[in-house]
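**Student:** Mind looking over this structure? Questions follow.
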Amino acid sequence: MKISSNWLKDYIKTELKTERIGEFLTDIGLEVEGIDKFESVKGSLEGIVVGKVLTCEKHPNADKLNKTTVDVGNGKVLNIVCGAPNVAEGQTVPVAVVGTKIYAKDGSSFEIKEAKIRGEVSQGMICAEDELGLSDDHGGIMVLDETKYEVGKNFADYFELTNDEVLEIGLTPNRTDAMSHYGVARDLHAFLSTNQQKSEFEKVSSVALNNEGSHSFTLEVEDTELTPRYIGAVIENVKIADSPAWLKDRLKAIGLSPINNIVDITNYILHGFGQPLHAFDADKIADKKVKVGTVAEGTKFTTLDGVERTLNGSEIIIKDGQDNPMCIAGVFGGANSGVSSETKTIFLESAYFNPVAVRKGAKFHGLNTDASFRFERGVDPNITRTAITHAIKLIEELAEGKLVGELLEEYPKKIEDNYIIIRFSKIEQILGTKIHREKVKEILKALEIQVLNDIQNGFEISVPAYRADVTREIDVIEEILRIYGYNKIDAPQKISFTPVKLSANDQDELENSWARTLQSLGFNEVMNNSLTSVKDETDAVKLLNPLSGDLAFMRKSLLEGLLQNAVYNINRKNQDIKFFEFGKIYHKREKYEERKQLAILVSGRNVAENWLQPKSATDFYNLKAYVKVLLERLSIDYKEVALDDERFSDAIEYKSEDKTLVRIGKVAPQMLKDFDVDQECFYAEIELEFAQELRSKNELKFKDIPKFNKIRRDLALLIDKNISYQELYQTAKKNKSPFIKNINLFDVYEGKNLPEGKKSYAMSFELLNEEKTLEEKEISHVMDSLIKSFQKEFNAELRS
């Protein structure tokens, strides 16, 4: 939100510099993200003086140039080469002297320097209107009325130029009370007045109006729950025209484009007081009746942007006497009743609409306007009349309009302030310090919170309705702290807390445990947006009202986000990637599905290059080892099977109870190409909810270190090339011997001296009897049993 410093000072008088105001606003929660300068004319015509052309003759070396002498006052005459076709002797003109900066439309600038142009000295520039930023006219130099402009005077003296400083406030959505210049001024004054800073603030109120004659318009509010307050005014003899410079500059400073005096006035009130207004062409309102209610579902309505919309029947609609929609209340006006250059009479609206109804209407139609932004969060119901009376005064001054008859108003049930009890003990408990009760009372008064009664340990208070976000005791305490000052609260010297033992059913504990493990292995945690774009919309969950095309879907996988993280780092020469992320993925199948996963991505080198160990590229097996470290901590049983997944060129999955627990794969080349990743990446995803479910079923068991030594035996097997180690492993695991404790593949060989179509696997087996030392016959029995299984299942041969 942009706040003009000049505009702000209409409501609060202070000698503080804008930078200091920005610091104070940030201290009270209205974070100022930056301060920009605004100039109604770029450069403020600095260096431009009024001159008089004394002589003008053709340039001796150029047909389209003229050589002039120009008097710029104080007896100084400049030689200026000018290319304008309309330059002539005796003219009074604006002159940019040497050192002046001239600004182009695109924001670029150049400095006027003394130079030779085709051999003739030029000591300045006679300016056209567009070169000064006064208009887009470049038909020739600007010729001034010599009776009004004095030679030698600064050209800027003849203009009411605006120089402003604009604060960019990162406003939180709950602070609707501060979504205006008046609201920011009110909050700033509350802080300054309670912290020994001089300022003057005057509350705005309704202004007296002079109405002429009467009108025949009527008002009907069908549902006061949807529209608790509505005010309308009929203004005749309106002349639609451009706004004066001061009003245009106010709007331009905060990034708005002036349109005409009526629209500009409604925008001025909106950003001044925070109250949206809407103007209708009164001559287009059938039966001279304004109705506020709903219309039938399916009704067609064309809004001001020319789009025909289908109404859903729940929107608040402003209608005419024949129930024709004229406006989606609080959101967007209609093309059939909008103000145009031919408008002579307007019906001006100021209202308080139900925030929930406005929000639903805006979201349904995908509309986000300045009005809906405020209405759907809750505007001040008590500024409605103040805003419309100030607007009417401006329309009378700037558009020559005349208020006809009385204001039409429906406000059957006053919106009451919020009653709350605050306790000093609670304030001290939350803040960790005592604030004197008189100081608390002073702060509340500055915030326009009325103290109704002093009670034994606190106050009964009434919070004004414009503070829609302050409804509880804790909210009031936050307000007190904001104005008292966060910086005045001393940090405690010690922090006391009670450790909580987490159960095996606590998924947060599982995630924290895995996060710590991965961090100890050199990983970095990342967090990515759940909103994304997708190429394949199959099973994708699409947002009804996306912020943009790039954020229109809920993510189907965590891989894409991690690849974006990877390419960002790789492009900055950080090529060794070890990332993990906890996050949810979303699918739309028979029903909406939402699952939480742990995703891991590795790429680049496995260990940093050093003299002892040269480059070592990470691979599929490194990632597989990391995953196994995590799973082994949970005592989970699983089996490994091949996986066909278009995201991977090679992949496996771990399954337990016939459900997928983990997917591990080498990212497919095409996917890497799509993300401009030029190095191999390996990715794993673990289903967190399923892992937690399995974890809760199994308890970790601890055993004493065995008293007896393990025995290792190796087998070298000659097998067909199409047989995987996983198949051998699973066969070995089926062996009935209780002595087999560990199985490992330590060598693979293919090539010379082996028969065609064969390969060699060297496997090790660790055997242990925890009760006594294994005898050789027992060891031989186990190994013979393994050999027979391998021969039977795979036709394996023993190699010597």
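For the structure tokens, the naming scheme is as follows: chains receive sequential letters (A, B, ...) according to their order of presentation, residues are indexed from 1 within each chain, and ligands are indexed from 1 in presentation order.
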With only C-alpha atoms as the counted atoms, please give the residues lying no more than 10 Å from Lys344 in chain A, apart from itself and same-chain residues fewer than 2 positions off, as a list in words.

**Tutor:**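 Listing them by chain and then by number gives Ile235, Glu236, Asn237, Val238, Lys239, Ile240, Asp281, Ala282, Asp283, Val339, Ser340, Ser341, Glu342, Ile346 and Gly401 of chain A.
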
**Student:** Using C-alpha atoms, can you write the selected residues to a file as a short mmCIF file (atom, residue, chain, number, x, y, z; two decimals), in the first residue's frame?

**Tutor:**
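The file below, selection23.cif, is the result:
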```
data_model
loop_
_atom_site.label_atom_id
_atom_site.label_comp_id
_atom_site.auth_asym_id
_atom_site.auth_seq_id
_atom_site.Cartn_x
_atom_site.Cartn_y
_atom_site.Cartn_z
CA ILE A 235 -26.41 15.07 -7.48
CA GLU A 236 -27.53 17.01 -10.57
CA ASN A 237 -25.88 19.23 -13.19
CA VAL A 238 -22.60 17.37 -12.96
CA LYS A 239 -19.96 18.33 -15.51
CA ILE A 240 -17.62 15.44 -16.28
CA ASP A 281 -25.50 7.45 -13.89
CA ALA A 282 -28.84 8.33 -12.28
CA ASP A 283 -30.62 8.70 -15.62
CA VAL A 339 -20.66 7.23 -15.39
CA SER A 340 -19.69 8.49 -18.86
CA SER A 341 -18.77 11.83 -20.41
CA GLU A 342 -22.51 12.41 -21.12
CA ILE A 346 -25.28 10.82 -10.56
CA GLY A 401 -22.79 19.43 -9.18
#
```

**Student:** Check which residues of range 365-389 of chain A sit at most 12 Å from range 184-204 of chain A using only C-alpha atoms, and return one row each with the closest pair of atoms and their distance in Å to one decimal, ordered by chain and rising number, as a tab-separated table.

**Tutor:**
```
residue	atom	partner	partner_atom	distance
A:Asn382	CA	A:Val204	CA	11.3
A:Ile383	CA	A:Val204	CA	8.9
A:Thr384	CA	A:Val204	CA	11.8
A:Arg385	CA	A:Val204	CA	11.1
A:Thr386	CA	A:Val204	CA	7.5
A:Ala387	CA	A:Val204	CA	9.3
A:Thr389	CA	A:Val204	CA	11.1
```

**Student:** My list of candidates is A:Lys628, A:Met125, A:Gly334, A:Gly313. Which is closest to Ile141 in chain A when distances are computed with only C-alpha atoms?

**Tutor:**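 Of A:Lys628, A:Met125, A:Gly334, A:Gly313, the one nearest Ile141 in chain A is A:Met125, counting only C-alpha atoms.
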
**Student:** Skip Ala668 in chain A itself and residues of its chain fewer than 6 positions away, then list as number ranges by chain all residues within 12 Å of it, counting only C-alpha atoms.

**Tutor:** A: 559, 563, 644-651, 674-675, 677-683

**Student:** Let's have the selection written as a tab-separated table (two decimals), in the first residue's frame, with C-alpha atoms.

**Tutor:**
```
chain	number	residue	atom	x	y	z
A	559	LEU	CA	10.51	-33.09	-7.37
A	563	LEU	CA	14.93	-29.22	-9.30
A	644	ASP	CA	8.28	-47.76	-13.67
A	645	ASP	CA	7.88	-43.98	-13.27
A	646	GLU	CA	8.16	-41.47	-16.13
A	647	ARG	CA	10.04	-39.08	-13.83
A	648	PHE	CA	12.95	-41.54	-13.62
A	649	SER	CA	15.20	-43.34	-16.07
A	650	ASP	CA	15.96	-46.03	-13.43
A	651	ALA	CA	14.00	-46.49	-10.24
A	674	ASP	CA	13.00	-29.14	-18.96
A	675	PHE	CA	14.51	-27.51	-15.87
A	677	VAL	CA	19.77	-28.92	-15.15
A	678	ASP	CA	22.98	-30.10	-16.82
A	679	GLN	CA	24.15	-32.70	-14.30
A	680	GLU	CA	22.74	-36.00	-13.05
A	681	CYS	CA	20.24	-35.83	-10.17
A	682	PHE	CA	18.94	-38.57	-7.91
A	683	TYR	CA	15.65	-38.28	-6.09
```

**Student:** What are the DSSP strand (DSSP E) residues of range 575-623 of chain A, as a PyMOL selection string?

**Tutor:** chain A and resi 577-588+592-603+605-607+616-617

**Student:** So that I can see what lies close to Ala286 in chain A, please list as a list in words the residues with an atom at most 8 Å from it, counting only C-alpha atoms and leaving out residues fewer than 2 positions away in the same chain.

**Tutor:**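 Returned residues: Asp283, Lys284, Lys288, Lys289, Asp320, Gly321 and Gln322 of chain A.
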
**Student:** Output N, CA and C atoms for every residue in that selection, as a PDB file, in the first residue's frame.

**Tutor:**
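What ended up in part_33.pdb:
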```pdb
ATOM      1  N   ASP A 283     -29.624   8.759 -14.543  1.00  0.00           N
ATOM      2  CA  ASP A 283     -30.622   8.705 -15.618  1.00  0.00           C
ATOM      3  C   ASP A 283     -30.805   7.292 -16.174  1.00  0.00           C
ATOM      4  N   LYS A 284     -29.897   6.379 -15.833  1.00  0.00           N
ATOM      5  CA  LYS A 284     -29.980   5.001 -16.313  1.00  0.00           C
ATOM      6  C   LYS A 284     -30.628   4.074 -15.287  1.00  0.00           C
ATOM      7  N   LYS A 288     -36.325   5.122 -11.130  1.00  0.00           N
ATOM      8  CA  LYS A 288     -35.680   5.960 -10.110  1.00  0.00           C
ATOM      9  C   LYS A 288     -35.716   5.293  -8.731  1.00  0.00           C
ATOM     10  N   LYS A 289     -35.446   3.997  -8.757  1.00  0.00           N
ATOM     11  CA  LYS A 289     -35.439   3.239  -7.516  1.00  0.00           C
ATOM     12  C   LYS A 289     -34.167   2.407  -7.430  1.00  0.00           C
ATOM     13  N   ASP A 320     -31.855  -1.825 -10.099  1.00  0.00           N
ATOM     14  CA  ASP A 320     -32.771  -0.701 -10.320  1.00  0.00           C
ATOM     15  C   ASP A 320     -34.197  -1.132  -9.974  1.00  0.00           C
ATOM     16  N   GLY A 321     -35.175  -0.281 -10.261  1.00  0.00           N
ATOM     17  CA  GLY A 321     -36.547  -0.562  -9.885  1.00  0.00           C
ATOM     18  C   GLY A 321     -37.157  -1.749 -10.586  1.00  0.00           C
ATOM     19  N   GLN A 322     -36.524  -2.206 -11.694  1.00  0.00           N
ATOM     20  CA  GLN A 322     -37.019  -3.377 -12.425  1.00  0.00           C
ATOM     21  C   GLN A 322     -36.142  -4.609 -12.178  1.00  0.00           C
TER      22      GLN A 322
END
```

**Student:** Could you please determine the separation between CA of Val379 in chain A and CA of Met179 in chain A in Å, to one decimal place?

**Tutor:**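 Pair CA of Val379 in chain A / CA of Met179 in chain A returns 9.1 Å.
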
**Student:** Taking 2 positions as the minimum chain separation for residues in the same chain, which residues sit within 7 Å of Leu311 in chain A when counting only C-alpha atoms? Answer as a ChimeraX atom specification.

**Tutor:** /A:297-300,309,313

**Student:** With a distance cut-off of 6 Å and only C-alpha atoms, select the neighbouring residues of range 37-43 of chain A, excluding the residue or stretch itself and same-chain residues fewer than 4 positions from it, and output the selection as a list in words.

**Tutor:**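 The contact residues come out as Gly133, Thr162, Asn163, Asp164, Glu165 and Ala253 of chain A.
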
**Student:** Of the candidates A:Asp370, A:Asp454, A:Glu537, A:Glu46, which one gets nearest to Asp157 in chain A if we count only C-alpha atoms?

**Tutor:** A:Glu46

**Student:** Rank A:Ile265, A:Ile443, A:Leu531, A:Leu132 by their smallest atom-to-atom distance to Ala241 in chain A, using only C-alpha atoms, and report the top residue only.

**Tutor:** A:Ile265

**Student:** Using the chain letters and numbers from this document, which residues of range 451-493 of chain A does DSSP assign to alpha helix (DSSP H), as a PDB file with N, CA and C atoms, in the first residue's frame?

**Tutor:**
```pdb
ATOM      1  N   GLU A 473      -9.300 -10.212  24.402  1.00  0.00           N
ATOM      2  CA  GLU A 473      -8.374  -9.578  25.348  1.00  0.00           C
ATOM      3  C   GLU A 473      -6.949  -9.585  24.791  1.00  0.00           C
ATOM      4  N   ILE A 474      -6.553 -10.708  24.182  1.00  0.00           N
ATOM      5  CA  ILE A 474      -5.181 -10.812  23.681  1.00  0.00           C
ATOM      6  C   ILE A 474      -4.934  -9.820  22.550  1.00  0.00           C
ATOM      7  N   ASP A 475      -5.980  -9.515  21.769  1.00  0.00           N
ATOM      8  CA  ASP A 475      -5.846  -8.521  20.701  1.00  0.00           C
ATOM      9  C   ASP A 475      -5.574  -7.137  21.275  1.00  0.00           C
ATOM     10  N   VAL A 476      -6.266  -6.811  22.358  1.00  0.00           N
ATOM     11  CA  VAL A 476      -6.075  -5.512  23.000  1.00  0.00           C
ATOM     12  C   VAL A 476      -4.661  -5.414  23.573  1.00  0.00           C
ATOM     13  N   ILE A 477      -4.192  -6.503  24.166  1.00  0.00           N
ATOM     14  CA  ILE A 477      -2.830  -6.513  24.714  1.00  0.00           C
ATOM     15  C   ILE A 477      -1.809  -6.280  23.607  1.00  0.00           C
ATOM     16  N   GLU A 478      -2.051  -6.875  22.462  1.00  0.00           N
ATOM     17  CA  GLU A 478      -1.157  -6.640  21.324  1.00  0.00           C
ATOM     18  C   GLU A 478      -1.163  -5.172  20.920  1.00  0.00           C
ATOM     19  N   GLU A 479      -2.351  -4.542  20.939  1.00  0.00           N
ATOM     20  CA  GLU A 479      -2.453  -3.118  20.612  1.00  0.00           C
ATOM     21  C   GLU A 479      -1.681  -2.271  21.616  1.00  0.00           C
ATOM     22  N   ILE A 480      -1.816  -2.599  22.885  1.00  0.00           N
ATOM     23  CA  ILE A 480      -1.092  -1.866  23.927  1.00  0.00           C
ATOM     24  C   ILE A 480       0.407  -1.978  23.702  1.00  0.00           C
ATOM     25  N   LEU A 481       0.872  -3.180  23.384  1.00  0.00           N
ATOM     26  CA  LEU A 481       2.303  -3.399  23.163  1.00  0.00           C
ATOM     27  C   LEU A 481       2.790  -2.645  21.928  1.00  0.00           C
ATOM     28  N   ARG A 482       1.988  -2.642  20.851  1.00  0.00           N
ATOM     29  CA  ARG A 482       2.383  -1.924  19.636  1.00  0.00           C
ATOM     30  C   ARG A 482       2.695  -0.468  19.934  1.00  0.00           C
ATOM     31  N   ILE A 483       1.803   0.167  20.677  1.00  0.00           N
ATOM     32  CA  ILE A 483       1.950   1.592  20.938  1.00  0.00           C
ATOM     33  C   ILE A 483       2.945   1.857  22.065  1.00  0.00           C
ATOM     34  N   TYR A 484       2.982   0.991  23.050  1.00  0.00           N
ATOM     35  CA  TYR A 484       3.957   1.137  24.140  1.00  0.00           C
ATOM     36  C   TYR A 484       5.375   1.033  23.594  1.00  0.00           C
TER      37      TYR A 484
END
```

**Student:** Of the residues A:Ser789, A:Asn418, A:Ser4, A:Ser205, which is the one nearest to Gly255 in chain A, using only C-alpha atoms?

**Tutor:** A:Ser4

**Student:** Find, counting only C-alpha atoms, the residue in A:Leu510, A:Met671, A:Leu643, A:Ser764 that gets nearest to Lys535 in chain A.

**Tutor:**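 Using only C-alpha atoms, the shortest distance to Lys535 in chain A belongs to A:Met671.
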
**Student:** May I have the residues within 8 Å of Leu558 in chain A as a VMD selection string, using only C-alpha atoms and disregarding those fewer than 4 positions away in the same chain?

**Tutor:** chain A and resid 562 581 583 to 585 599
